[in-house]
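Input: a single structure, listed below in structure tokens.
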4 protein chains.
Amino acid sequence: MPASPFDNAIYRDLFGDAEVGNLFSATAEVRAMMLVQGTLAKVQGTLGIIPEISGAAIHRASLELQIDPGGLSKATGQNGVVVPALVTAFRAEMKAPEHAQYLHWGATSQDVMDTGLILRLRAVVAIYDLRLRALVRTLGGLASQHADLAMVARTYGQAATPTSFGAVVASWGAPLIRHLDRLDALSPGLLQVSLSGAAGTLSVMGPQGGLGAQLRADFATALNLNDPGSSWHSMRDTIAEFSAWMTLVNGSIAKMGADLIAMTQSGIDEVTLSNSGASSTMPQKSNPILPSLLVALADQTTALNGTIQGALIHRQQRDGAAWINEWIALPQICMATARTLRGAQELAGGLHPNAERMAGAIDATRGLIFAEALSFALSAHMPRPKAQAATKALCQQVSNGTKTLGALAAQTWPDIDFKDLFDANGNLGQAPVDARNFAARAKTI
Amino acid sequence: MPASPFDNAIYRDLFGDAEVGNLFSATAEVRAMMLVQGTLAKVQGTLGIIPEISGAAIHRASLELQIDPGGLSKATGQNGVVVPALVTAFRAEMKAPEHAQYLHWGATSQDVMDTGLILRLRAVVAIYDLRLRALVRTLGGLASQHADLAMVARTYGQAATPTSFGAVVASWGAPLIRHLDRLDALSPGLLQVSLSGAAGTLSVMGPQGGLGAQLRADFATALNLNDPGSSWHSMRDTIAEFSAWMTLVNGSIAKMGADLIAMTQSGIDEVTLSNSGASSTMPQKSNPILPSLLVALADQTTALNGTIQGALIHRQQRDGAAWINEWIALPQICMATARTLRGAQELAGGLHPNAERMAGAIDATRGLIFAEALSFALSAHMPRPKAQAATKALCQQVSNGTKTLGALAAQTWPDIDFKDLFDANGNLGQAPVDARNFAARAKTI
Amino acid sequence: MPASPFDNAIYRDLFGDAEVGNLFSATAEVRAMMLVQGTLAKVQGTLGIIPEISGAAIHRASLELQIDPGGLSKATGQNGVVVPALVTAFRAEMKAPEHAQYLHWGATSQDVMDTGLILRLRAVVAIYDLRLRALVRTLGGLASQHADLAMVARTYGQAATPTSFGAVVASWGAPLIRHLDRLDALSPGLLQVSLSGAAGTLSVMGPQGGLGAQLRADFATALNLNDPGSSWHSMRDTIAEFSAWMTLVNGSIAKMGADLIAMTQSGIDEVTLSNSGASSTMPQKSNPILPSLLVALADQTTALNGTIQGALIHRQQRDGAAWINEWIALPQICMATARTLRGAQELAGGLHPNAERMAGAIDATRGLIFAEALSFALSAHMPRPKAQAATKALCQQVSNGTKTLGALAAQTWPDIDFKDLFDANGNLGQAPVDARNFAARAKTI
Amino acid sequence: MPASPFDNAIYRDLFGDAEVGNLFSATAEVRAMMLVQGTLAKVQGTLGIIPEISGAAIHRASLELQIDPGGLSKATGQNGVVVPALVTAFRAEMKAPEHAQYLHWGATSQDVMDTGLILRLRAVVAIYDLRLRALVRTLGGLASQHADLAMVARTYGQAATPTSFGAVVASWGAPLIRHLDRLDALSPGLLQVSLSGAAGTLSVMGPQGGLGAQLRADFATALNLNDPGSSWHSMRDTIAEFSAWMTLVNGSIAKMGADLIAMTQSGIDEVTLSNSGASSTMPQKSNPILPSLLVALADQTTALNGTIQGALIHRQQRDGAAWINEWIALPQICMATARTLRGAQELAGGLHPNAERMAGAIDATRGLIFAEALSFALSAHMPRPKAQAATKALCQQVSNGTKTLGALAAQTWPDIDFKDLFDANGNLGQAPVDARNFAARAKTI
């Protein structure tokens, strides 16, 4: 039985993601590698590198044969790569040795595995793109709806000034729009074939050796991937860039998670969640599970990303340890990111700000949240340092007593008309604008 | 199908470890938690906290019932913890509501999960202990056998002085003996029950509340674990200490892996491995898969350990994110460590030093490896700085020419008898002693 | 001007620690290495490895000479290690070539640097020990004083059950006592000399080579350090173990920091700090700087520890990259830990729980915090599942209405006498005991 | 004295970089923040937010005043941010309270610090850009010069097939060209002002509050930075993206370092370095210091990047711990990257491939390096599986005997004309093309 958290029967609904998880199953990996082998053979047949009839036969077989991944495990454990066993099994299953001999012609394990990976990452990228867009739109709706909903802005956990809930939602969503742009920018580099032969030189490809570049280009075209123009066996920057991107996505979304843990705290209660967790012993509990999960997934992603970045130190023409690090870490980062995106959508779709509690939190500061505004208002009547010192003194009185800052200010400067200075709605500054700007952009995503 | 590397059908022989993997399967986790529930009820019955007959019934049921982990997944995804669903299923399956109602009496999810984890970690610790001892003994045998086998000691990859292969093996094995001592030191702290109730105070346990401490002690005795003396819900140092220990083990063993990657390099070839990997396209290849795997597993372990250490920042009385980080990272570190230990044993049991190549590497330095020795020998005849400068000058001549350092020295100082200075076997220093000392200690492990 | 955060003129009071920082200054490093060289020469003189008079002269010079670290920088940049330049400068400054030639006799850079490091780590360990003890005592005082001060225990940020502030303080302090024990356990292994010569074999030490072990033992005795019994040039487990220990300490203390960030939040305000930070624009602000700093230092420490653990993969007989990783990371972890301990002491010495706010937070749950207790009380009158369901239903009513759980319970079950069930002080369970137990142990530290 | 590795008097030439280090000195930070304050005041004066004459006075003072960073340290230690002390000192130094009162009008510490940081990062980006371009050109020259220089391609450290040294150099340089493109893509987002006031809403800016957006735009124009369009106080993705980019750069360059450690090994000796390190005791040593340094700096960078990515979880409107993590880690990553780029240039400018040793390494495989080529040549005469098996059998004979693969092949298949199959120069495949393509692109950089 699976022991890993993403697959463990108990935890797969909590941590796993069926859609992206499937892409990293052994079946999907075998299927992708067979598609790579079949396409390679077909293109080689067309170019005359191998007999066209054999290319066609291999291609057809690659679509029809079923190879059991479990049967490849033992040899993979021995060879450290699955491809030798896959080639052997594929050839045997074809039952047409005259054609099967042309399978895997001039390619190496890394070509097959990397291209097979990229085919699946193409699907992963598409899933992320869709989910990110949906999430941005959901957040855009929230930001628009609550653009003017005043709440306490908190710095270092302390009441700072008023802001709006819509602006807070915008701060969750705006980075995601940039992440979509970044994904667009990195995808062409990521989505490329690998075809470089034994050690990166394609030396045996084609009768004159000169067909290598042509073959790689046609192979890329056939798979609708890009042609890297050279070997990338030992240059892992496009993989590492994608990993870094996923880390950014998880981190940005975990900020929403952390904010929601703070906002759902007992005693704060500014947001309620549709999806929360029950306790085994406390009947009253409604735990913010998804926000906690988002924070944990970001922590995991950041750690795993470290090993992918470390794998940039890919020694010589193929580095077993560096490559294995990718095999272990990359599927997990991809699954975690998928879960994060899905969890964020569930969360965003089910969050309900509590306007009353938000107003209550503003009131509970007894006007201290307007201290900066007061100091500026007073600056029209006295030098700013004096205004600041006077405000600070009043804040001290508020903290030590029971009066509000507004009451003390009115009492201290009876001649000054503070108007709506002590009204949060009049002190939202750019917050509603920021919320609406984000919402408008989110609509166009 | 499992997508995680430790369970994926293609990779499970490469990355997985059946013995430790099983302990982290959903089945084993459910079984351990049921044992915890059953034992708790039994002890509570004995103490009169719940009816003795109900305690006995629950205990019996805990041994007999089969609860399908898959049936718990959906609720776990919702609640973020498995225990509510487990309690519900357990109660339902008992078909004896009059007893079942006493199940999970006063405990909380974390008590059940943590104690269930510790029961499995006890088995993990025992497996590690056995494997480490076996590995130390295997390395001890190698060190003893090759205590006098001269080879090049390399610093910064450069030939430095002679050493012996046995001393190198001792440098792999000696830290493992210390790791065994460290495991002994940390185990009592790690292997403790958790029983603290909803939020760490055991407040509802027993009619007067005063039975809590007694219950925890008896519960610990019944499970043959230690009594922590208080709640450790939010004090995760014993878990983090174990994770740090596993990281040390993986790192130490990866040094052996890295050395073997270096020693098996084409052109160095000082060691051959019984277990090596074939290429999909290069008939001559024999890749050092296990050494590469050991290095990669250490990299992964170090990264995952970072998230466990981060989870020491366990906020308030239970921190969802911090705890989830443990759930994701700990099983993987444990599985990786198990694979590392098994891989190291396979490797150590199948390595063959090539004395001829080792001697050849010494010869290939054309005596430069004896430069330090020469500089000391000359120091008996001239001031040391002069001796060092003279030796350096000769080294330069060796590098630029074809003569050996010995020949040049004899020619330069015909009156000095250098004896066996230019013989590696006479220049092994403490290396053979270190090898034999390690071998002797390894025998007693 | 220093650009690094620990030394930068702006930030050194925030991030730095003068006492431990000094130990990692260039001056302290040079001084330690000279002490190593002087002691080595003296011991070698006594053993007859070098002329006794030369040993004495070098030893005297090592105490008297002043070598400017800045003068070593350029050569260090070139050689990658400081020792060649140090030996050259030392010899030149001695102005007694007949003795100076015996300086650094048979040792290598790593012996001098590692032993010099250990001498300073001995002082670091002593500082940590003192600070940890003081911190434990301060926390013990707090735990004792507030053992019965009821407050909300929070799990997932949600009000769970009552606990006591003293018990929370105990949860900060108890791991520190274990860390003191761990420090005692690891110190003997850490505090050892390195003396193994060019590549770990001590091959040139002594006329017959056989004096090596004796020399290392005497050298250790002279420095009051332990004798490792062999080379540890490439076995870095004792360094890595110490790094892991510092990571544990920082993590445990950061939990206190994180709890205090939560407790000082506006709207929670359960603790006030003597040391807090002002804002550049908000007159009312009082920011929890030290708690934030503790969390950040733990994050940094965890990251740096990862590179130290990675440096366990110390290739062959000396690995430049692995060793350099220690040089960069270890001083920073040590300084961060020193700052953490000092910051924690400042914080613990200046924290004031607000009993009124704590009581208010309990009241604000309108009895929901007693839901588990109610469910158990009802279990005396009905089957537990029914009691739980009934409690849950009442909790729902509390959440949706304005009544307290106590009022609803009294109304629902008028015949049951709930006594002091809805009084936090009667529901503290083991919390006061845990607080007092910790306080008692802290006194004996 | 500075204790941090980048500033320590002993190590600053090894680890430090004067140019980028200066940008992170306290002086440079104060200067940048004063420029921010001065520019802000000037723009505010122009917009009529503050008196124009005061704006001009502050601006002038910002250019003329000298504020001692050391004087800010104590208050920074207390407040956790430098800006309150800076504002106080600036105002006092101006000796014109009527104008000084308008200093820092409506801004907050984070605005000043972040914008001050970005001004310095602009210089950092320019330095990186220049150094990367120079490095690419140097590598381009090497690749061009050695495009046809045959050497062993190594996978898993094992001789695989021939490649060319120029192609290896191209594998170091090609990612750097992509990194330049990535830097171009991320710079506009990174190089933006921060101006959002106390808690992100710019609420007090301008008489009607409506001048905020205009002010931010003009402020950006005045500093020649971009206008973010909203607050980015709690959205740290552009900082994290830059950190991730630096991590990619360090990782890619460390691959060159790791390859050079491998190529300079004794017994391999395929490359000699102009800059290498001497030993304190071994006269013959010439250690690859720079390559080791590059690997270590990449390890450090990856670790520090983890904390920057973690700081994406920037709670609420300002998160002390997350922000402090940036302060500690970012300067170090920037300095490490600067050192990496400088070190790589020194290294690339001083490396000398040894054609004879490269040819020797090919010969030393006794033809095994041509095994794949042979298997393909034989495939023209027999089915491929049979050809592969036959080649494998011959490889075994080579390994166990003394003959070359070419000799055995000629003997086994006397009728086949293998032409130049066993000549490395005829088996370079795409390697020379890859080298020349890279060189051509490098010229245009």
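Ligands are numbered from 1 in the order shown, chains are lettered A, B, ... in the order of the structure tokens, and residues start at 1 in each chain.
Excluding Glu19 (chain A) itself and any same-chain residue fewer than 4 positions from it, the protein and nucleic acid residues within 10 Å of it, counting only C-alpha atoms, are A:Leu23, A:Phe24, A:Ala123, A:Val124, A:Ile127, A:Met335, A:Ala338, A:Arg339.
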Prev. selection, all heavy atoms, output as a PDB file, in the first residue's frame:
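Dumped to out04.pdb:
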ATOM      1  N   LEU A  23      -1.060  12.134 -13.827  1.00  0.00           N
ATOM      2  CA  LEU A  23       0.006  12.390 -14.802  1.00  0.00           C
ATOM      3  C   LEU A  23       1.357  11.877 -14.328  1.00  0.00           C
ATOM      4  O   LEU A  23       2.280  11.712 -15.120  1.00  0.00           O
ATOM      5  CB  LEU A  23       0.093  13.889 -15.107  1.00  0.00           C
ATOM      6  CG  LEU A  23      -1.096  14.443 -15.894  1.00  0.00           C
ATOM      7  CD1 LEU A  23      -1.122  15.960 -15.835  1.00  0.00           C
ATOM      8  CD2 LEU A  23      -1.026  13.975 -17.346  1.00  0.00           C
ATOM      9  N   PHE A  24       1.481  11.677 -13.025  1.00  0.00           N
ATOM     10  CA  PHE A  24       2.743  11.152 -12.504  1.00  0.00           C
ATOM     11  C   PHE A  24       2.642   9.683 -12.095  1.00  0.00           C
ATOM     12  O   PHE A  24       3.559   9.139 -11.499  1.00  0.00           O
ATOM     13  CB  PHE A  24       3.240  12.013 -11.335  1.00  0.00           C
ATOM     14  CG  PHE A  24       3.713  13.349 -11.811  1.00  0.00           C
ATOM     15  CD1 PHE A  24       2.912  14.475 -11.710  1.00  0.00           C
ATOM     16  CD2 PHE A  24       4.959  13.468 -12.410  1.00  0.00           C
ATOM     17  CE1 PHE A  24       3.336  15.701 -12.187  1.00  0.00           C
ATOM     18  CE2 PHE A  24       5.401  14.689 -12.883  1.00  0.00           C
ATOM     19  CZ  PHE A  24       4.591  15.813 -12.780  1.00  0.00           C
ATOM     20  N   ALA A 123       0.692  19.050 -19.919  1.00  0.00           N
ATOM     21  CA  ALA A 123      -0.662  18.927 -19.358  1.00  0.00           C
ATOM     22  C   ALA A 123      -0.739  19.595 -17.983  1.00  0.00           C
ATOM     23  O   ALA A 123      -1.739  20.237 -17.646  1.00  0.00           O
ATOM     24  CB  ALA A 123      -1.042  17.447 -19.257  1.00  0.00           C
ATOM     25  N   VAL A 124       0.319  19.464 -17.215  1.00  0.00           N
ATOM     26  CA  VAL A 124       0.355  20.095 -15.897  1.00  0.00           C
ATOM     27  C   VAL A 124       0.239  21.614 -16.039  1.00  0.00           C
ATOM     28  O   VAL A 124      -0.529  22.273 -15.329  1.00  0.00           O
ATOM     29  CB  VAL A 124       1.656  19.707 -15.149  1.00  0.00           C
ATOM     30  CG1 VAL A 124       1.845  20.549 -13.905  1.00  0.00           C
ATOM     31  CG2 VAL A 124       1.645  18.218 -14.801  1.00  0.00           C
ATOM     32  N   ILE A 127      -3.225  22.629 -16.794  1.00  0.00           N
ATOM     33  CA  ILE A 127      -4.089  22.546 -15.605  1.00  0.00           C
ATOM     34  C   ILE A 127      -3.841  23.734 -14.687  1.00  0.00           C
ATOM     35  O   ILE A 127      -4.782  24.372 -14.186  1.00  0.00           O
ATOM     36  CB  ILE A 127      -3.838  21.211 -14.863  1.00  0.00           C
ATOM     37  CG1 ILE A 127      -4.339  20.037 -15.696  1.00  0.00           C
ATOM     38  CG2 ILE A 127      -4.496  21.222 -13.484  1.00  0.00           C
ATOM     39  CD1 ILE A 127      -3.859  18.667 -15.206  1.00  0.00           C
ATOM     40  N   MET A 335       2.472  17.932  -7.685  1.00  0.00           N
ATOM     41  CA  MET A 335       1.230  17.514  -7.020  1.00  0.00           C
ATOM     42  C   MET A 335       0.846  18.511  -5.930  1.00  0.00           C
ATOM     43  O   MET A 335      -0.327  18.848  -5.767  1.00  0.00           O
ATOM     44  CB  MET A 335       1.382  16.102  -6.454  1.00  0.00           C
ATOM     45  CG  MET A 335       1.432  15.052  -7.578  1.00  0.00           C
ATOM     46  SD  MET A 335       1.342  13.338  -6.961  1.00  0.00           S
ATOM     47  CE  MET A 335       2.991  13.131  -6.298  1.00  0.00           C
ATOM     48  N   ALA A 338      -0.693  21.534  -7.496  1.00  0.00           N
ATOM     49  CA  ALA A 338      -2.062  21.249  -7.938  1.00  0.00           C
ATOM     50  C   ALA A 338      -3.023  21.295  -6.754  1.00  0.00           C
ATOM     51  O   ALA A 338      -4.116  21.875  -6.839  1.00  0.00           O
ATOM     52  CB  ALA A 338      -2.103  19.869  -8.608  1.00  0.00           C
ATOM     53  N   ARG A 339      -2.598  20.695  -5.655  1.00  0.00           N
ATOM     54  CA  ARG A 339      -3.465  20.684  -4.468  1.00  0.00           C
ATOM     55  C   ARG A 339      -3.646  22.101  -3.936  1.00  0.00           C
ATOM     56  O   ARG A 339      -4.754  22.473  -3.505  1.00  0.00           O
ATOM     57  CB  ARG A 339      -2.842  19.783  -3.393  1.00  0.00           C
ATOM     58  CG  ARG A 339      -3.696  19.670  -2.132  1.00  0.00           C
ATOM     59  CD  ARG A 339      -5.016  18.996  -2.452  1.00  0.00           C
ATOM     60  NE  ARG A 339      -5.913  18.873  -1.313  1.00  0.00           N
ATOM     61  CZ  ARG A 339      -6.976  19.680  -1.117  1.00  0.00           C
ATOM     62  NH1 ARG A 339      -7.243  20.657  -1.970  1.00  0.00           N
ATOM     63  NH2 ARG A 339      -7.763  19.478  -0.087  1.00  0.00           N
TER      64      ARG A 339
END
Item to check | Spatial neighbours of region 436-441 of chain B, 10 Å, only C-alpha atoms, chain gap at least 3 places, as a VMD selection string | outcome: (chain B and resid 136 to 148 166 to 167 169 to 171 173 to 174 177 430 to 433 444 to 445) or (chain C and resid 229 to 230)
Take the residues from that selection and write them out as a PDB file, in the first residue's frame, keeping N, CA and C atoms.
ATOM      1  N   VAL B 136      27.852  -1.442   9.836  1.00  0.00           N
ATOM      2  CA  VAL B 136      29.131  -1.209  10.516  1.00  0.00           C
ATOM      3  C   VAL B 136      29.987  -2.466  10.466  1.00  0.00           C
ATOM      4  N   ARG B 137      29.355  -3.602  10.682  1.00  0.00           N
ATOM      5  CA  ARG B 137      30.144  -4.841  10.658  1.00  0.00           C
ATOM      6  C   ARG B 137      30.709  -5.120   9.267  1.00  0.00           C
ATOM      7  N   THR B 138      29.885  -4.899   8.256  1.00  0.00           N
ATOM      8  CA  THR B 138      30.386  -5.120   6.889  1.00  0.00           C
ATOM      9  C   THR B 138      31.560  -4.194   6.604  1.00  0.00           C
ATOM     10  N   LEU B 139      31.407  -2.924   6.986  1.00  0.00           N
ATOM     11  CA  LEU B 139      32.492  -1.977   6.745  1.00  0.00           C
ATOM     12  C   LEU B 139      33.714  -2.350   7.585  1.00  0.00           C
ATOM     13  N   GLY B 140      33.470  -2.849   8.784  1.00  0.00           N
ATOM     14  CA  GLY B 140      34.581  -3.282   9.631  1.00  0.00           C
ATOM     15  C   GLY B 140      35.383  -4.386   8.951  1.00  0.00           C
ATOM     16  N   GLY B 141      34.668  -5.316   8.342  1.00  0.00           N
ATOM     17  CA  GLY B 141      35.349  -6.388   7.619  1.00  0.00           C
ATOM     18  C   GLY B 141      36.205  -5.850   6.485  1.00  0.00           C
ATOM     19  N   LEU B 142      35.635  -4.914   5.734  1.00  0.00           N
ATOM     20  CA  LEU B 142      36.382  -4.309   4.623  1.00  0.00           C
ATOM     21  C   LEU B 142      37.615  -3.564   5.131  1.00  0.00           C
ATOM     22  N   ALA B 143      37.422  -2.809   6.221  1.00  0.00           N
ATOM     23  CA  ALA B 143      38.526  -2.007   6.745  1.00  0.00           C
ATOM     24  C   ALA B 143      39.659  -2.917   7.203  1.00  0.00           C
ATOM     25  N   SER B 144      39.274  -4.000   7.844  1.00  0.00           N
ATOM     26  CA  SER B 144      40.280  -4.934   8.335  1.00  0.00           C
ATOM     27  C   SER B 144      41.044  -5.563   7.171  1.00  0.00           C
ATOM     28  N   GLN B 145      40.269  -6.008   6.190  1.00  0.00           N
ATOM     29  CA  GLN B 145      40.865  -6.716   5.056  1.00  0.00           C
ATOM     30  C   GLN B 145      41.838  -5.839   4.264  1.00  0.00           C
ATOM     31  N   HIS B 146      41.507  -4.532   4.183  1.00  0.00           N
ATOM     32  CA  HIS B 146      42.291  -3.654   3.319  1.00  0.00           C
ATOM     33  C   HIS B 146      43.008  -2.578   4.123  1.00  0.00           C
ATOM     34  N   ALA B 147      43.343  -2.917   5.372  1.00  0.00           N
ATOM     35  CA  ALA B 147      43.948  -1.904   6.246  1.00  0.00           C
ATOM     36  C   ALA B 147      45.270  -1.386   5.685  1.00  0.00           C
ATOM     37  N   ASP B 148      45.975  -2.229   4.950  1.00  0.00           N
ATOM     38  CA  ASP B 148      47.299  -1.838   4.459  1.00  0.00           C
ATOM     39  C   ASP B 148      47.321  -1.560   2.964  1.00  0.00           C
ATOM     40  N   GLY B 166      41.607   0.816   3.654  1.00  0.00           N
ATOM     41  CA  GLY B 166      40.964   0.487   4.923  1.00  0.00           C
ATOM     42  C   GLY B 166      40.671   1.724   5.752  1.00  0.00           C
ATOM     43  N   ALA B 167      41.572   2.692   5.724  1.00  0.00           N
ATOM     44  CA  ALA B 167      41.338   3.929   6.477  1.00  0.00           C
ATOM     45  C   ALA B 167      40.181   4.711   5.873  1.00  0.00           C
ATOM     46  N   VAL B 169      37.633   3.365   4.320  1.00  0.00           N
ATOM     47  CA  VAL B 169      36.435   2.647   4.766  1.00  0.00           C
ATOM     48  C   VAL B 169      36.121   3.001   6.223  1.00  0.00           C
ATOM     49  N   ALA B 170      37.138   3.114   7.038  1.00  0.00           N
ATOM     50  CA  ALA B 170      36.927   3.488   8.434  1.00  0.00           C
ATOM     51  C   ALA B 170      36.285   4.875   8.539  1.00  0.00           C
ATOM     52  N   SER B 171      36.663   5.775   7.611  1.00  0.00           N
ATOM     53  CA  SER B 171      36.060   7.122   7.646  1.00  0.00           C
ATOM     54  C   SER B 171      34.591   7.079   7.265  1.00  0.00           C
ATOM     55  N   GLY B 173      32.723   4.364   8.170  1.00  0.00           N
ATOM     56  CA  GLY B 173      32.041   3.601   9.203  1.00  0.00           C
ATOM     57  C   GLY B 173      32.063   4.224  10.593  1.00  0.00           C
ATOM     58  N   ALA B 174      33.127   4.950  10.918  1.00  0.00           N
ATOM     59  CA  ALA B 174      33.254   5.462  12.291  1.00  0.00           C
ATOM     60  C   ALA B 174      32.085   6.369  12.684  1.00  0.00           C
ATOM     61  N   ILE B 177      29.050   4.410  13.987  1.00  0.00           N
ATOM     62  CA  ILE B 177      29.095   3.948  15.385  1.00  0.00           C
ATOM     63  C   ILE B 177      28.601   5.074  16.293  1.00  0.00           C
ATOM     64  N   GLN B 430      49.257   6.746  10.155  1.00  0.00           N
ATOM     65  CA  GLN B 430      48.256   6.134  11.031  1.00  0.00           C
ATOM     66  C   GLN B 430      47.164   5.378  10.263  1.00  0.00           C
ATOM     67  N   ALA B 431      47.180   5.437   8.948  1.00  0.00           N
ATOM     68  CA  ALA B 431      46.055   4.886   8.191  1.00  0.00           C
ATOM     69  C   ALA B 431      45.755   3.419   8.557  1.00  0.00           C
ATOM     70  N   PRO B 432      46.755   2.541   8.538  1.00  0.00           N
ATOM     71  CA  PRO B 432      46.434   1.146   8.881  1.00  0.00           C
ATOM     72  C   PRO B 432      45.915   1.000  10.316  1.00  0.00           C
ATOM     73  N   VAL B 433      46.504   1.791  11.217  1.00  0.00           N
ATOM     74  CA  VAL B 433      46.040   1.740  12.610  1.00  0.00           C
ATOM     75  C   VAL B 433      44.581   2.184  12.705  1.00  0.00           C
ATOM     76  N   THR B 444      32.557  -5.364  17.774  1.00  0.00           N
ATOM     77  CA  THR B 444      31.850  -5.400  19.062  1.00  0.00           C
ATOM     78  C   THR B 444      30.457  -4.786  18.976  1.00  0.00           C
ATOM     79  N   ILE B 445      30.116  -4.281  17.829  1.00  0.00           N
ATOM     80  CA  ILE B 445      28.817  -3.601  17.672  1.00  0.00           C
ATOM     81  C   ILE B 445      27.684  -4.610  17.627  1.00  0.00           C
TER      82      ILE B 445
ATOM     83  N   GLY C 229      41.006  10.321  18.546  1.00  0.00           N
ATOM     84  CA  GLY C 229      41.449   8.942  18.318  1.00  0.00           C
ATOM     85  C   GLY C 229      41.758   8.648  16.866  1.00  0.00           C
ATOM     86  N   SER C 230      41.382   9.544  15.976  1.00  0.00           N
ATOM     87  CA  SER C 230      41.724   9.369  14.554  1.00  0.00           C
ATOM     88  C   SER C 230      41.488  10.706  13.868  1.00  0.00           C
TER      89      SER C 230
END
Next on the checklist: Using only C-alpha atoms, I'd like every residue of chain B that has an atom within 7 Å of chain C; please write them out as a PyMOL selection string.
Outcome noted: chain B and resi 101+153-156+160-161+163+171+175+198-199+201-204+209+230+235+237+244+248+251-252+254-255+258-259+299+302-303+306+309-310+312-320+373+383-385+427-431+434
Checklist entry - Which is closest to Ala393 (chain A) among C:Gly70, C:Gly38, C:Pro283, C:Gly21, if we use only C-alpha atoms? => result C:Pro283
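For the pair CA of Gly77 (chain C) and CA of Trp323 (chain C), the separation is 15.0 Å.
Look at Ala75 (chain B): the protein and nucleic acid residues within 12 Å of it, using only C-alpha atoms and passing over chain neighbours fewer than 5 places away, are Ala9, Ile10, Tyr11, Arg12, Asp13, Leu14, Asn275, Ser276, Gly277, Ala278, Ser279 and Ser280 of chain A; Pro69, Gly70, Gly80, Val81, Val82, Val83, Pro84, Ala85, Leu86, Val87, Thr88 and Ala89 of chain B.
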Checklist entry - Residues of region 69-172 of chain B in strand (DSSP E) according to DSSP, as a count of residues only? => result 13
Next on the checklist: Quick one: residues within 9 Å of Met33 (chain B), only C-alpha atoms, excluding same-chain residues fewer than 6 positions away - as a list in words?
Outcome noted: Ser62, Val83, Leu86, Val112, Met113, Asp114, Thr115, Gly116 and Leu117 of chain B
